[in-house]
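Student: Pasting start.csv below, which is CSV, C-alpha atoms.
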```
chain,number,residue,atom,x,y,z
G,1,MET,CA,5.7,6.0,39.6
G,2,THR,CA,3.1,8.7,40.4
G,3,SER,CA,2.8,9.7,36.8
G,4,LEU,CA,0.9,6.5,36.0
G,5,ASN,CA,-2.0,7.7,38.2
G,6,ARG,CA,-2.5,10.9,36.4
G,7,PRO,CA,-5.9,11.5,34.8
G,8,LEU,CA,-6.1,10.6,31.2
G,9,SER,CA,-7.9,12.4,28.5
G,10,PRO,CA,-11.2,10.8,27.4
G,11,HIS,CA,-10.8,7.9,25.0
G,12,LEU,CA,-11.4,8.1,21.3
G,13,GLN,CA,-14.8,6.4,21.6
G,14,VAL,CA,-16.5,9.3,23.5
G,15,TYR,CA,-16.0,11.7,20.5
G,16,ARG,CA,-18.2,11.8,17.5
G,17,LEU,CA,-15.8,11.1,14.7
G,18,PRO,CA,-15.7,13.9,12.1
G,19,LEU,CA,-15.6,12.8,8.4
G,20,VAL,CA,-11.8,13.5,8.2
G,21,ALA,CA,-11.1,11.1,11.0
G,22,ILE,CA,-13.2,8.4,9.3
G,23,LEU,CA,-11.3,9.0,6.1
G,24,SER,CA,-8.0,8.9,8.0
G,25,ILE,CA,-8.7,5.4,9.5
G,26,THR,CA,-10.0,4.3,6.0
G,27,HIS,CA,-6.6,5.3,4.7
G,28,ARG,CA,-5.0,2.7,7.0
G,29,ILE,CA,-7.7,0.1,6.4
G,30,THR,CA,-7.2,0.4,2.6
G,31,GLY,CA,-3.4,0.4,3.1
G,32,VAL,CA,-3.6,-2.9,5.0
G,33,ALA,CA,-6.1,-4.4,2.4
G,34,LEU,CA,-3.8,-3.4,-0.5
G,35,SER,CA,-0.8,-4.9,1.3
G,36,ALA,CA,-2.8,-8.2,1.6
G,37,GLY,CA,-3.7,-7.8,-2.1
G,38,THR,CA,0.0,-7.8,-3.1
G,39,ILE,CA,-0.3,-11.6,-2.6
G,40,LEU,CA,-2.5,-11.6,-5.8
G,41,LEU,CA,0.1,-9.6,-7.6
G,42,ALA,CA,2.8,-12.1,-6.7
G,43,ILE,CA,0.6,-15.0,-7.7
G,44,TRP,CA,-0.2,-13.4,-11.1
G,45,LEU,CA,3.5,-12.6,-11.9
G,46,GLY,CA,4.6,-15.9,-10.5
G,47,SER,CA,2.2,-17.8,-12.8
G,48,ALA,CA,3.9,-16.1,-15.8
G,49,ALA,CA,7.2,-17.6,-14.7
G,50,TYR,CA,5.7,-21.1,-14.4
G,51,GLY,CA,4.5,-21.1,-18.0
G,52,PRO,CA,1.5,-20.6,-20.2
G,53,GLU,CA,-0.7,-23.2,-18.4
G,54,ALA,CA,-0.3,-21.6,-15.0
G,55,TYR,CA,-0.7,-18.1,-16.5
G,56,ASP,CA,-3.9,-19.1,-18.2
G,57,GLN,CA,-5.3,-20.7,-15.0
G,58,VAL,CA,-4.6,-17.5,-12.9
G,59,SER,CA,-5.9,-15.3,-15.7
G,60,ALA,CA,-9.1,-17.3,-15.8
G,61,LEU,CA,-9.5,-17.1,-12.1
G,62,LEU,CA,-9.0,-13.3,-12.1
G,63,GLY,CA,-11.4,-13.0,-15.0
G,64,SER,CA,-14.1,-15.0,-13.3
G,65,PRO,CA,-17.0,-13.1,-11.6
G,66,ILE,CA,-15.5,-13.6,-8.1
G,67,GLY,CA,-12.1,-12.5,-9.5
G,68,LEU,CA,-13.6,-9.4,-11.0
G,69,ILE,CA,-15.3,-8.5,-7.8
G,70,ILE,CA,-12.0,-8.8,-5.9
G,71,LEU,CA,-10.2,-6.7,-8.5
G,72,PHE,CA,-13.0,-4.1,-8.4
G,73,GLY,CA,-12.6,-3.8,-4.6
G,74,PHE,CA,-8.8,-3.8,-5.0
G,75,SER,CA,-9.0,-0.9,-7.5
G,76,ALA,CA,-11.5,1.1,-5.3
G,77,ALA,CA,-9.2,0.7,-2.3
G,78,PHE,CA,-6.2,1.7,-4.5
G,79,TYR,CA,-7.8,4.8,-5.9
G,80,TYR,CA,-9.0,5.9,-2.4
G,81,HIS,CA,-5.5,5.3,-1.0
G,82,LEU,CA,-4.0,7.3,-3.9
G,83,CYS,CA,-6.3,10.3,-3.6
G,84,ASN,CA,-6.1,10.5,0.2
G,85,GLY,CA,-2.3,9.7,0.0
G,86,ILE,CA,-1.8,12.9,-2.1
G,87,ARG,CA,-3.6,14.8,0.6
G,88,HIS,CA,-1.3,13.2,3.2
G,89,LEU,CA,1.7,14.4,1.1
G,90,ALA,CA,0.2,17.9,1.1
G,91,TRP,CA,-0.2,17.7,4.9
G,92,ASP,CA,3.4,16.7,5.2
G,93,PHE,CA,4.3,20.1,3.7
G,94,GLY,CA,2.0,21.8,6.2
G,95,GLN,CA,-0.7,22.5,3.6
G,96,GLY,CA,-4.4,22.0,3.8
G,97,PHE,CA,-5.0,22.1,7.6
G,98,GLU,CA,-7.6,24.8,7.6
G,99,LEU,CA,-11.0,23.4,8.4
G,100,PRO,CA,-12.8,24.7,5.2
G,101,THR,CA,-9.9,23.2,3.1
G,102,VAL,CA,-10.2,19.9,5.0
G,103,ARG,CA,-13.9,19.8,4.4
G,104,ARG,CA,-13.5,20.6,0.7
G,105,ASN,CA,-10.7,18.0,0.3
G,106,ASN,CA,-12.8,15.3,2.1
G,107,VAL,CA,-15.3,15.6,-0.8
G,108,LEU,CA,-12.6,15.9,-3.4
G,109,VAL,CA,-10.9,12.6,-2.2
G,110,LEU,CA,-14.2,10.7,-2.2
G,111,ILE,CA,-15.3,12.0,-5.6
G,112,GLY,CA,-11.9,11.5,-7.1
G,113,ALA,CA,-11.7,7.9,-5.9
G,114,ALA,CA,-15.2,7.1,-7.1
G,115,VAL,CA,-14.6,8.8,-10.5
G,116,LEU,CA,-11.3,7.1,-11.1
G,117,THR,CA,-12.6,3.6,-10.1
G,118,ILE,CA,-15.7,3.8,-12.2
G,119,GLY,CA,-13.9,5.4,-15.1
G,120,THR,CA,-11.2,2.7,-15.1
G,121,TRP,CA,-13.8,-0.1,-15.2
G,122,ALA,CA,-15.9,1.7,-17.7
G,123,PHE,CA,-12.8,2.0,-19.9
G,124,ALA,CA,-11.6,-1.5,-19.3
G,125,LEU,CA,-14.9,-3.2,-20.0
G,126,THR,CA,-15.7,-1.3,-23.2
G,127,HIS,CA,-12.1,-1.2,-24.5
O,1,MET,CA,14.5,3.0,42.9
O,2,SER,CA,15.8,6.1,41.3
O,3,LEU,CA,14.7,9.4,42.6
O,4,ARG,CA,15.1,11.0,39.2
O,5,THR,CA,11.9,11.8,37.4
O,6,PRO,CA,11.1,10.0,34.1
O,7,LEU,CA,11.7,13.3,32.2
O,8,ALA,CA,15.1,13.8,33.7
O,9,ARG,CA,16.1,10.3,32.7
O,10,ALA,CA,14.9,10.7,29.1
O,11,ARG,CA,16.5,14.2,28.8
O,12,GLY,CA,19.8,14.4,26.9
O,13,LEU,CA,19.5,10.9,25.4
O,14,GLY,CA,18.6,12.3,22.1
O,15,ALA,CA,16.3,10.9,19.5
O,16,ALA,CA,16.2,7.1,18.8
O,17,LYS,CA,17.5,8.1,15.3
O,18,GLU,CA,15.6,5.4,13.5
O,19,GLY,CA,12.3,7.1,12.8
O,20,LEU,CA,13.4,9.6,10.2
O,21,SER,CA,14.6,7.3,7.5
O,22,HIS,CA,11.4,5.2,7.9
O,23,TRP,CA,9.3,8.4,7.4
O,24,ILE,CA,11.3,9.6,4.4
O,25,GLU,CA,11.3,6.2,2.7
O,26,GLN,CA,7.6,5.9,3.0
O,27,ARG,CA,7.1,9.3,1.3
O,28,VAL,CA,9.7,8.7,-1.4
O,29,THR,CA,8.1,5.3,-2.3
O,30,ALA,CA,4.6,6.9,-2.2
O,31,VAL,CA,5.6,9.6,-4.7
O,32,ALA,CA,7.3,7.1,-7.0
O,33,LEU,CA,4.2,4.9,-6.9
O,34,ILE,CA,1.9,7.6,-8.3
O,35,PRO,CA,3.2,7.4,-11.9
O,36,LEU,CA,4.3,3.8,-11.5
O,37,SER,CA,0.8,2.6,-10.5
O,38,ILE,CA,-0.9,4.6,-13.2
O,39,TRP,CA,1.5,3.1,-15.8
O,40,PHE,CA,0.7,-0.4,-14.3
O,41,ILE,CA,-3.1,0.1,-14.5
O,42,ILE,CA,-3.0,1.4,-18.1
O,43,SER,CA,-0.7,-1.5,-19.1
O,44,VAL,CA,-2.9,-4.1,-17.4
O,45,ILE,CA,-6.0,-2.8,-19.1
O,46,GLY,CA,-4.2,-3.0,-22.4
O,47,LEU,CA,-3.3,-6.6,-21.6
O,48,ALA,CA,-6.7,-7.7,-20.3
O,49,GLY,CA,-7.7,-11.0,-22.0
O,50,SER,CA,-4.4,-11.4,-23.8
O,51,HIS,CA,-2.7,-14.7,-24.1
O,52,TYR,CA,0.6,-15.7,-22.5
O,53,GLU,CA,2.6,-14.9,-25.6
O,54,GLN,CA,1.4,-11.3,-25.7
O,55,PHE,CA,2.0,-10.8,-22.0
O,56,GLN,CA,5.4,-12.3,-22.2
O,57,ALA,CA,6.3,-10.2,-25.2
O,58,TRP,CA,5.1,-7.1,-23.4
O,59,LEU,CA,7.0,-7.9,-20.2
O,60,SER,CA,10.2,-8.6,-22.0
O,61,VAL,CA,10.4,-5.1,-23.5
O,62,PRO,CA,13.3,-3.8,-21.4
O,63,GLY,CA,11.5,-0.6,-20.3
O,64,ASN,CA,8.5,-2.7,-19.1
O,65,THR,CA,10.7,-5.1,-17.2
O,66,ALA,CA,12.5,-2.3,-15.5
O,67,LEU,CA,9.4,-0.4,-14.6
O,68,MET,CA,7.8,-3.6,-13.3
O,69,LEU,CA,10.8,-4.3,-11.0
O,70,LEU,CA,10.8,-0.7,-9.8
O,71,LEU,CA,7.1,-0.9,-9.1
O,72,LEU,CA,7.5,-4.2,-7.2
O,73,PHE,CA,10.3,-2.7,-5.0
O,74,CYS,CA,8.2,0.4,-4.2
O,75,VAL,CA,5.0,-1.5,-3.6
O,76,PHE,CA,6.5,-4.1,-1.2
O,77,HIS,CA,8.7,-1.6,0.6
O,78,HIS,CA,5.9,0.9,1.0
O,79,ALA,CA,3.5,-1.8,2.2
O,80,GLN,CA,5.8,-3.2,4.9
O,81,LEU,CA,6.7,0.3,6.1
O,82,GLY,CA,3.0,1.1,6.4
O,83,CYS,CA,2.0,-2.1,8.1
O,84,GLN,CA,4.8,-1.6,10.6
O,85,VAL,CA,3.3,1.7,11.7
O,86,VAL,CA,-0.1,0.1,12.0
O,87,ILE,CA,1.3,-2.7,14.1
O,88,GLU,CA,3.3,-0.3,16.3
O,89,ASP,CA,0.1,1.7,17.0
O,90,TYR,CA,-2.3,-1.1,17.8
O,91,ILE,CA,-0.3,-4.0,19.2
O,92,HIS,CA,0.9,-3.1,22.7
O,93,GLY,CA,2.5,-6.3,23.9
O,94,ARG,CA,6.2,-6.1,23.3
O,95,GLY,CA,6.7,-9.7,22.2
O,96,ALA,CA,3.6,-9.8,20.0
O,97,ARG,CA,4.6,-6.5,18.4
O,98,ILE,CA,8.1,-7.6,17.5
O,99,ALA,CA,6.8,-10.9,16.2
O,100,ALA,CA,4.1,-9.2,14.0
O,101,ILE,CA,6.6,-6.7,12.6
O,102,TYR,CA,9.1,-9.5,11.8
O,103,LEU,CA,6.4,-11.5,10.1
O,104,VAL,CA,5.2,-8.6,8.0
O,105,LYS,CA,8.8,-7.8,6.9
O,106,MET,CA,9.7,-11.4,6.1
O,107,THR,CA,6.4,-11.9,4.2
O,108,SER,CA,7.0,-8.7,2.2
O,109,ALA,CA,10.6,-9.7,1.4
O,110,LEU,CA,9.5,-13.2,0.3
O,111,LEU,CA,6.6,-12.0,-1.9
O,112,GLY,CA,8.7,-9.2,-3.3
O,113,VAL,CA,11.7,-11.3,-4.2
O,114,PHE,CA,9.4,-14.1,-5.6
O,115,ALA,CA,7.6,-11.6,-7.8
O,116,GLY,CA,10.8,-10.0,-8.9
O,117,VAL,CA,12.4,-13.3,-9.8
O,118,ALA,CA,9.2,-14.3,-11.6
O,119,VAL,CA,9.3,-11.1,-13.7
O,120,LEU,CA,12.9,-11.7,-14.7
O,121,ARG,CA,12.3,-15.3,-15.5
O,122,ALA,CA,9.2,-14.6,-17.6
O,123,ALA,CA,10.8,-11.7,-19.3
O,124,LEU,CA,14.3,-13.2,-20.1
O,125,VAL,CA,13.7,-16.9,-20.3
O,126,GLY,CA,9.9,-17.3,-20.9
O,127,GLY,CA,7.7,-19.9,-19.2
```
Have the structure of the file written as structure tokens, please.

Tutor:
Amino acid sequence: MTSLNRPLSPHLQVYRLPLVAILSITHRITGVALSAGTILLAIWLGSAAYGPEAYDQVSALLGSPIGLIILFGFSAAFYYHLCNGIRHLAWDFGQGFELPTVRRNNVLVLIGAAVLTIGTWAFALTH
Amino acid sequence: MSLRTPLARARGLGAAKEGLSHWIEQRVTAVALIPLSIWFIISVIGLAGSHYEQFQAWLSVPGNTALMLLLLFCVFHHAQLGCQVVIEDYIHGRGARIAAIYLVKMTSALLGVFAGVAVLRAALVGG
């Protein structure tokens, strides 16, 4: 097939990635990380079905320093995926493709995710 | 070897007719997860540091049981749909791609059913 010998456009790596492209791949990375994190959700709920002892063990593990660091990372990934996901939904409706809007929303997504993450932990730890 | 061009062979076959439902389900679960995950986070903060009895009492409130099951369905469905797209984009070998997608779907189903059964058992029977 001659079509296989046609010239290809330059590969992704020759371009300098704009911020929106970095945020786009971060959406996927956080999505995969959150998917892996669902194992924790299943373990936590599963422990409740096995009884008070199992539940207390898992709760202690999640409340330990390492557990809290993992939960913090999980919450940051979640809030990023939430904020950028809302932008994706707007894109699905054909909204927000103009460059100035894209640049403004880059900042909004990052600030939104940071504020929600820090706000949640500030509330949880002082509550 | 056929003298027809690749375009002529593809023309008239129509769409594969399997992409649209995937796309729609991913968005429907995404929108549902916005309020569900906010409910989940607020609830979990309220339950932080609580004992098994408090958690069990909270989970056995019918509204909480229902929302938790709905959240689990949306989380695991959304996660496996998203991971499938990532695999389709980055794993090019046909066999490896099919195996990876199968693994992701089966793992999601296993974790989701396990978590759902755990919620029902903890809510209705107690540990």

Student: Residues at most 9 Å from O:Ser108, counting all atoms listed in the file, excluding those fewer than 2 positions away in the same chain, as a list in words?

Tutor: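 The residues satisfying every condition are Ser35 and Thr38 of chain G; Phe76, His77, Ala79, Gln80, Leu103, Val104, Lys105, Met106, Leu110, Leu111, Gly112 and Val113 of chain O.
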
Student: Fewer than 2 positions away in the same chain doesn't count, so skip those; otherwise give me all residues within 9 Å of O:Leu71, counting all atoms listed in the file, as an mmCIF file with C-alpha atoms, in the coordinates of the input.

Tutor:
```
data_model
loop_
_atom_site.group_PDB
_atom_site.id
_atom_site.type_symbol
_atom_site.label_atom_id
_atom_site.label_comp_id
_atom_site.auth_asym_id
_atom_site.auth_seq_id
_atom_site.Cartn_x
_atom_site.Cartn_y
_atom_site.Cartn_z
ATOM 1 C CA ALA O 32 7.300 7.100 -7.000
ATOM 2 C CA LEU O 33 4.200 4.900 -6.900
ATOM 3 C CA LEU O 36 4.300 3.800 -11.500
ATOM 4 C CA SER O 37 0.800 2.600 -10.500
ATOM 5 C CA PHE O 40 0.700 -0.400 -14.300
ATOM 6 C CA ALA O 66 12.500 -2.300 -15.500
ATOM 7 C CA LEU O 67 9.400 -0.400 -14.600
ATOM 8 C CA MET O 68 7.800 -3.600 -13.300
ATOM 9 C CA LEU O 69 10.800 -4.300 -11.000
ATOM 10 C CA PHE O 73 10.300 -2.700 -5.000
ATOM 11 C CA CYS O 74 8.200 0.400 -4.200
ATOM 12 C CA VAL O 75 5.000 -1.500 -3.600
ATOM 13 C CA PHE O 76 6.500 -4.100 -1.200
#
```

Student: Nearest to G:Ser75 among G:Thr126, G:Tyr15, G:Ile25, G:Trp121, with distances taken over all atoms listed in the file: which residue is it?

Tutor: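 Of G:Thr126, G:Tyr15, G:Ile25, G:Trp121, the one nearest G:Ser75, counting all atoms listed in the file, is G:Trp121.
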
Student: Residues of chain G near chain O: apply a cut-off of 7 Å, count all atoms listed in the file, and supply the list as a ChimeraX atom specification.

Tutor: /G:32,35,39,42,45-46,48-52,55,124

Student: Once you have the residues from the selection above, write them out as a PDB file, in the frame of the given file, restricted to C-alpha atoms.

Tutor:
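Contents of selection-v6.pdb, as written:
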```pdb
ATOM      1  CA  VAL G  32      -3.600  -2.900   5.000  1.00  0.00           C
ATOM      2  CA  SER G  35      -0.800  -4.900   1.300  1.00  0.00           C
ATOM      3  CA  ILE G  39      -0.300 -11.600  -2.600  1.00  0.00           C
ATOM      4  CA  ALA G  42       2.800 -12.100  -6.700  1.00  0.00           C
ATOM      5  CA  LEU G  45       3.500 -12.600 -11.900  1.00  0.00           C
ATOM      6  CA  GLY G  46       4.600 -15.900 -10.500  1.00  0.00           C
ATOM      7  CA  ALA G  48       3.900 -16.100 -15.800  1.00  0.00           C
ATOM      8  CA  ALA G  49       7.200 -17.600 -14.700  1.00  0.00           C
ATOM      9  CA  TYR G  50       5.700 -21.100 -14.400  1.00  0.00           C
ATOM     10  CA  GLY G  51       4.500 -21.100 -18.000  1.00  0.00           C
ATOM     11  CA  PRO G  52       1.500 -20.600 -20.200  1.00  0.00           C
ATOM     12  CA  TYR G  55      -0.700 -18.100 -16.500  1.00  0.00           C
ATOM     13  CA  ALA G 124     -11.600  -1.500 -19.300  1.00  0.00           C
TER      14      ALA G 124
END
```

Student: Find the distance between atom CA of G:Arg104 and atom CA of G:Val20 and write it in Å to one decimal.

Tutor: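 Computed distance, atom CA of G:Arg104 to atom CA of G:Val20, equals 10.5 Å.
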
Student: Distance atom CA of G:Leu108-atom CA of G:Phe78, one decimal place?

Tutor: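 Taking atom CA of G:Leu108 as the start and atom CA of G:Phe78 as the end point, the length is 15.6 Å.
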
Student: I'd like the contact shell of G:Val58 - 8 Å cut-off, all atoms listed in the file, skipping same-chain residues fewer than 4 positions apart - returned as a PyMOL selection string.

Tutor: chain G and resi 43-44+47+54+62

Student: So, with all atoms listed in the file as the atoms that count, which of G:Leu12, G:Asn105, G:Ala76, G:Leu40 lies closest to G:Ala90?

Tutor: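 The shortest atom-to-atom distance to G:Ala90 comes from G:Asn105.
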
Student: Please indicate the distance in Å from atom CA of G:Val109 to atom CA of G:Asn84, rounded to one decimal place.

Tutor: 5.8 Å

Student: List the spatial neighbours of G:Leu19 as a PyMOL selection string - criterion: any atom at most 10 Å away, all atoms listed in the file, same-chain residues fewer than 5 positions off excluded.

Tutor: chain G and resi 24+102-103+106-107

Student: Using all atoms listed in the file, determine which residues lie at most 7 Å from G:His81, disregarding the query and same-chain residues fewer than 2 positions distant; provide the list as a PyMOL selection string.

Tutor: chain G and resi 27+30-31+77-79+83-85

Student: Can I get the selection written as a short mmCIF file (atom, residue, chain, number, x, y, z; two decimals), in the frame of the given file, with C-alpha atoms?

Tutor:
```cif
data_model
loop_
_atom_site.label_atom_id
_atom_site.label_comp_id
_atom_site.auth_asym_id
_atom_site.auth_seq_id
_atom_site.Cartn_x
_atom_site.Cartn_y
_atom_site.Cartn_z
CA HIS G 27 -6.60 5.30 4.70
CA THR G 30 -7.20 0.40 2.60
CA GLY G 31 -3.40 0.40 3.10
CA ALA G 77 -9.20 0.70 -2.30
CA PHE G 78 -6.20 1.70 -4.50
CA TYR G 79 -7.80 4.80 -5.90
CA CYS G 83 -6.30 10.30 -3.60
CA ASN G 84 -6.10 10.50 0.20
CA GLY G 85 -2.30 9.70 0.00
#
```
